[in-house]
Every structure is written in C-alpha cells, then in structure tokens.
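Everything below concerns the one structure shown next.
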Amino acid sequence: MTLDLSATYTYSTPGFPEPTETVTTRVGTRARDGMTLTTVRGLAPLLAGRIEEIADEGDRLHTLMELSTARIVISDTERDGLDSTAATRDRGRLSTTYTGTPDLPVTVVLDLAEQIRDQLAADQAAEEVARSAEAAQWDHLPWDIDHPDRELLDQAVEAGVPAEELVRIVGDHYLRYGHALRRKEELTIRSLIRERHDDLGLATDRQVDFILSLLAERRRSGEGGGFYGGPADRAGIEKLTRDQASTYINSLKGTY
C-alpha cells in the first residue's frame with residue numbers, strides 16, 4: 001500500500017464536541033556529517049487505522065499524545081551513539097523517538113519507518129528512470145545521423161526551407177512531447193543547415209545577411225536598378241547558389 005506522506009488526521013479531545021487537533025505528516029531531508037537524514041514528523045495520519053482500532057477513548061488519546069512529539073529518522077548510513085531512549089533498527093539506519101504504548105508498540109512505528117524508506121527509495125528510482133528517459137529522448141533528435149527523421153530534415157534543407165522555419169517546425173514537433181527546443185538544439189539545427197548548404201553550394205549566411213542589408217539600404221535611399229534581379233526575402237535568398245548570391249551582391253552594390 002502506498003503511503004500518503006502529506007496526509008492529515010483530525011481528532012477531538014474530551015469536552016469538545018468538534019475536532020480540535022489536526023496532524024499533518026511532514027517529510028524533510030538534510031545532509032549532516034556525511035550522512036543523508038530523512039525526518040518524518042506527524043506520524044498519526046500514517047497510523048490512522050491502528051489508532052482507530054483502540055476502543056478506549058482514553059487509551060487512544062494517550063497514544064495520540066505520545067505520537068504527537070515523536071519522529072522517525074531514516075539514515076543512508078549506520079549511526080552510532082544515538083540517544084539511549086531512541087528505538088533503532090538496521091544498525092541505526094532507522095530510528096524513532098516514539099517510546100510505545102500498550103495499544104501501539106514501538107515495533108509498529110519501526111515497521112512504518114521501513115515502509116517509508118522503501119517507498120522513498122522507489123520514488124527516487126522512478127524519478128531517475130524518468131530523467132534518464134527524458135535525457136535519452138533529447139539525445140536522439142532529428143539531426144542525429146541514425147534518427148528516422150534525419151532524411152526528412154535533409155530533404156527540407158535541400159528544398160531550401162529557411163533556418164527559422166526549420167527551427168520552428170522541429171520545435172513544434174517536440175512540443176507535442178512536452179519538450180521545448182533549447183538554445184543548443186536550435187544552434188545544432190542551424191549548424192546542420194550551414195553544413196548542408198556548404199555541400200549544396202548554397203549562399204552562405206554572410207552572403208544572405210549582406211544581401212538583406214543592401215536591400216534594406218536601398219529601401220531607405222529609394223535607389224533601384226542593377227543588372228541582376230533577385231529575391232527580396234530571406235527564404236528566397238537562402239535558395240540562391242553562392243555564385244548567384246555573389247552576382248546579386250555586385251548588382252546591388254553597383255559593381256559592374
């Protein structure tokens with residue numbers, strides 16, 4: 001059975017018609033002297049079933065009072081020199097300040113400590129598996145040579161799909177799986193595009209940016225003409241070969 005480590009338990013005290021005490025389980029972890037210690041306070045909610053089995057109201061309240069100040073401490077290493085009043089198990093890895101009552105012996109609380117330790121370990125293992133799975137998914141994206149989508153990405157580059165559009169497409173694709181495209185993945189895509197453009201002899205980033213700046217300057221100055229016409233947007237310019245881009249630059253500069 002999975003324990004609710006943030007559960008609450010409410011009970012009333014004699015002479016009060018309404019519940020007057022609410023106990024909440026709290027779990028905290030800290031490092032000390034090379035050990036990792038997990039402390040669990042508010043034990044009553046975790047033992048509610050056993051508490052409700054105590055028929056006598058006075059005995060039940062007595063047990064609740066003893067539990068109210070008790071705690072469980074779970075250590076990842078053996079612990080020596082613990083307070084002699086503490087009950088321990090597994091060479092001090094499990095301990096509790098609860099001293100026990102006839103209706104709820106200390107062994108029950110130590111059994112609970114074992115269950116909590118096992119549950120926390122299982123939760124941590126599950127989190128590590130989830131993190132590893134997420135990391136593995138990020139380690140295998142379309143720009144990897146063995147990824148089934150790599151060919152589609154190459155085809156998109158060869159078809160002249162602009163870098164900005166490819167980044168958006170890949171980003172939208174992975175958002176469906178709950179991932180946001182990070183800066184390093186975006187740079188990887190742009191690097192791949194530059195490499196493919198080099199293979200295809202397409203315009204370099206510098207040529208594209210220079211053409212765009214020349215076009216912007218012409219719009220500001222109102223100049224026109226030239227011996228070579230070409231596209232006016234980034235998407236079209238990126239489809240030019242390097243020779244075509246060079247010719248376009250000369251035309252825009254008026255270098256005949």
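All residue names refer to the structure tokens as shown: chains lettered A, B, ... in order, residues numbered from 1 in each chain, ligands numbered from 1 in order.
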Just list as a PDB file with N, CA, C and O atoms, in the first residue's frame whatever in region 42-241 of chain A DSSP marks as strand (DSSP E).
```
ATOM      1  N   ARG A  71       9.070  11.312  16.225  1.00  0.00           N
ATOM      2  CA  ARG A  71       9.517  11.410  14.826  1.00  0.00           C
ATOM      3  C   ARG A  71      10.260  10.143  14.444  1.00  0.00           C
ATOM      4  O   ARG A  71      10.747   9.400  15.296  1.00  0.00           O
ATOM      5  N   ILE A  72      10.345   9.946  13.154  1.00  0.00           N
ATOM      6  CA  ILE A  72      11.145   8.860  12.570  1.00  0.00           C
ATOM      7  C   ILE A  72      12.326   9.496  11.865  1.00  0.00           C
ATOM      8  O   ILE A  72      12.171  10.527  11.192  1.00  0.00           O
ATOM      9  N   VAL A  73      13.503   8.899  12.011  1.00  0.00           N
ATOM     10  CA  VAL A  73      14.678   9.370  11.285  1.00  0.00           C
ATOM     11  C   VAL A  73      15.235   8.209  10.471  1.00  0.00           C
ATOM     12  O   VAL A  73      15.490   7.133  11.015  1.00  0.00           O
ATOM     13  N   ILE A  74      15.423   8.456   9.178  1.00  0.00           N
ATOM     14  CA  ILE A  74      15.955   7.451   8.258  1.00  0.00           C
ATOM     15  C   ILE A  74      17.312   7.941   7.776  1.00  0.00           C
ATOM     16  O   ILE A  74      17.424   9.041   7.232  1.00  0.00           O
ATOM     17  N   SER A  75      18.338   7.127   7.977  1.00  0.00           N
ATOM     18  CA  SER A  75      19.694   7.491   7.573  1.00  0.00           C
ATOM     19  C   SER A  75      20.161   6.578   6.448  1.00  0.00           C
ATOM     20  O   SER A  75      19.765   5.414   6.373  1.00  0.00           O
ATOM     21  N   ALA A  87      14.468   4.189  19.821  1.00  0.00           N
ATOM     22  CA  ALA A  87      14.380   2.809  19.343  1.00  0.00           C
ATOM     23  C   ALA A  87      14.971   2.758  17.940  1.00  0.00           C
ATOM     24  O   ALA A  87      14.711   3.638  17.118  1.00  0.00           O
ATOM     25  N   THR A  88      15.797   1.767  17.670  1.00  0.00           N
ATOM     26  CA  THR A  88      16.505   1.708  16.392  1.00  0.00           C
ATOM     27  C   THR A  88      16.328   0.348  15.723  1.00  0.00           C
ATOM     28  O   THR A  88      15.918  -0.642  16.358  1.00  0.00           O
ATOM     29  N   ARG A  89      16.671   0.340  14.442  1.00  0.00           N
ATOM     30  CA  ARG A  89      16.668  -0.887  13.658  1.00  0.00           C
ATOM     31  C   ARG A  89      17.685  -0.720  12.539  1.00  0.00           C
ATOM     32  O   ARG A  89      17.996   0.400  12.138  1.00  0.00           O
ATOM     33  N   LEU A  94      17.464   3.192  10.881  1.00  0.00           N
ATOM     34  CA  LEU A  94      16.094   3.564  11.215  1.00  0.00           C
ATOM     35  C   LEU A  94      16.024   3.823  12.713  1.00  0.00           C
ATOM     36  O   LEU A  94      16.542   3.031  13.510  1.00  0.00           O
ATOM     37  N   SER A  95      15.389   4.920  13.071  1.00  0.00           N
ATOM     38  CA  SER A  95      15.217   5.211  14.496  1.00  0.00           C
ATOM     39  C   SER A  95      13.948   6.008  14.705  1.00  0.00           C
ATOM     40  O   SER A  95      13.438   6.649  13.782  1.00  0.00           O
ATOM     41  N   THR A  96      13.441   5.974  15.935  1.00  0.00           N
ATOM     42  CA  THR A  96      12.268   6.759  16.285  1.00  0.00           C
ATOM     43  C   THR A  96      12.353   7.169  17.744  1.00  0.00           C
ATOM     44  O   THR A  96      12.898   6.444  18.580  1.00  0.00           O
TER      45      THR A  96
END
```
Please identify all polymer residues within 10 Å of Thr204 (chain A), counting only C-alpha atoms, omitting same-chain residues fewer than 4 positions from it, and present them as a PyMOL selection string. chain A and resi 194-195+197-198+208-210+237-238+240-242+245
Residues within 8 Å of region 160-175 of chain A, please, as a PyMOL selection string. Count only C-alpha atoms; anything in the same chain fewer than 4 positions from it doesn't count. chain A and resi 156+179-181+186+189-190+193+234-235+238-239
Considering only C-alpha atoms, return as a ChimeraX atom specification whatever protein or nucleic-acid residues lie within 9 Å of Arg196 (chain A), sequence-local ones (same chain, fewer than 6 positions apart) excluded. /A:154,157-158,202
Within 10 Å of Leu47 (chain A), counting only C-alpha atoms, which residues show up once you throw out same-chain ones fewer than 5 positions away? Write them as a ChimeraX atom specification, please. /A:9,42,52,64,67,104,108-109,112
Could you save the residues just selected, with N, CA, C and O atoms, as a tab-separated table (two decimals), in the first residue's frame?
```tsv
chain	number	residue	atom	x	y	z
A	9	TYR	N	-4.68	14.02	9.81
A	9	TYR	CA	-5.55	13.23	10.72
A	9	TYR	C	-6.10	14.20	11.76
A	9	TYR	O	-5.35	14.94	12.40
A	42	GLY	N	4.74	14.03	12.46
A	42	GLY	CA	3.29	13.90	12.25
A	42	GLY	C	2.96	12.48	11.84
A	42	GLY	O	2.48	12.23	10.73
A	52	GLU	N	-7.48	3.99	15.17
A	52	GLU	CA	-8.93	3.84	15.25
A	52	GLU	C	-9.35	2.49	15.84
A	52	GLU	O	-10.49	2.33	16.31
A	64	LEU	N	-2.15	8.99	20.96
A	64	LEU	CA	-2.01	10.17	20.10
A	64	LEU	C	-1.07	11.20	20.72
A	64	LEU	O	-0.27	11.83	20.01
A	67	LEU	N	2.42	10.04	20.18
A	67	LEU	CA	2.82	10.19	18.78
A	67	LEU	C	3.04	11.65	18.40
A	67	LEU	O	3.79	11.95	17.46
A	104	LEU	N	-0.11	0.49	20.94
A	104	LEU	CA	0.66	0.73	19.72
A	104	LEU	C	2.15	0.63	20.06
A	104	LEU	O	2.80	1.62	20.38
A	108	VAL	N	5.68	-1.25	15.75
A	108	VAL	CA	4.78	-0.84	14.66
A	108	VAL	C	5.34	0.40	13.97
A	108	VAL	O	5.29	0.52	12.73
A	109	VAL	N	5.89	1.33	14.75
A	109	VAL	CA	6.44	2.55	14.18
A	109	VAL	C	7.72	2.24	13.41
A	109	VAL	O	7.99	2.83	12.35
A	112	LEU	N	6.72	0.92	10.19
A	112	LEU	CA	6.32	2.05	9.35
A	112	LEU	C	7.56	2.73	8.77
A	112	LEU	O	7.56	3.11	7.58
```
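The smallest atom-to-atom distance between Ala159 (chain A) and any of A:Ala121, A:Leu215, A:Leu200, A:Thr25, using only C-alpha atoms, is found for A:Leu200.
Each of A:Arg41, A:Arg32, A:Arg183, A:Arg93 was checked against Thr8 (chain A) using only C-alpha atoms; the smallest atom-to-atom distance is that of A:Arg41.
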My list of candidates is A:Arg182, A:Gln244, A:Asp103, A:Ser251. Which is closest to Leu214 (chain A) when distances are computed with only C-alpha atoms? A:Ser251
Distance criterion (only C-alpha atoms): nearest to Gly58 (chain A) out of A:Asp118, A:Ala203, A:Thr13, A:Gly236: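 Among A:Asp118, A:Ala203, A:Thr13, A:Gly236, it is A:Thr13 that comes nearest to Gly58 (chain A).
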Quick one: distance from CA of Ala86 (chain A) to CA of Tyr11 (chain A) in Å, one decimal?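 Between CA of Ala86 (chain A) and CA of Tyr11 (chain A) the gap is 26.5 Å.
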Give the helix (DSSP H, G or I) residues of region 10-251 of chain A, as assigned by DSSP on the backbone, as a PyMOL selection string. chain A and resi 44-52+57-68+106-139+150-158+163-175+183-200+205-221+234-237+242-251
Interatomic distance between CA of Glu78 (chain A) and CA of Val40 (chain A)? 17.9 Å
Go through A:Arg131, A:Asp243, A:Arg218, A:Thr188 and flag the residue nearest Gly201 (chain A), using only C-alpha atoms for the distances. A:Asp243
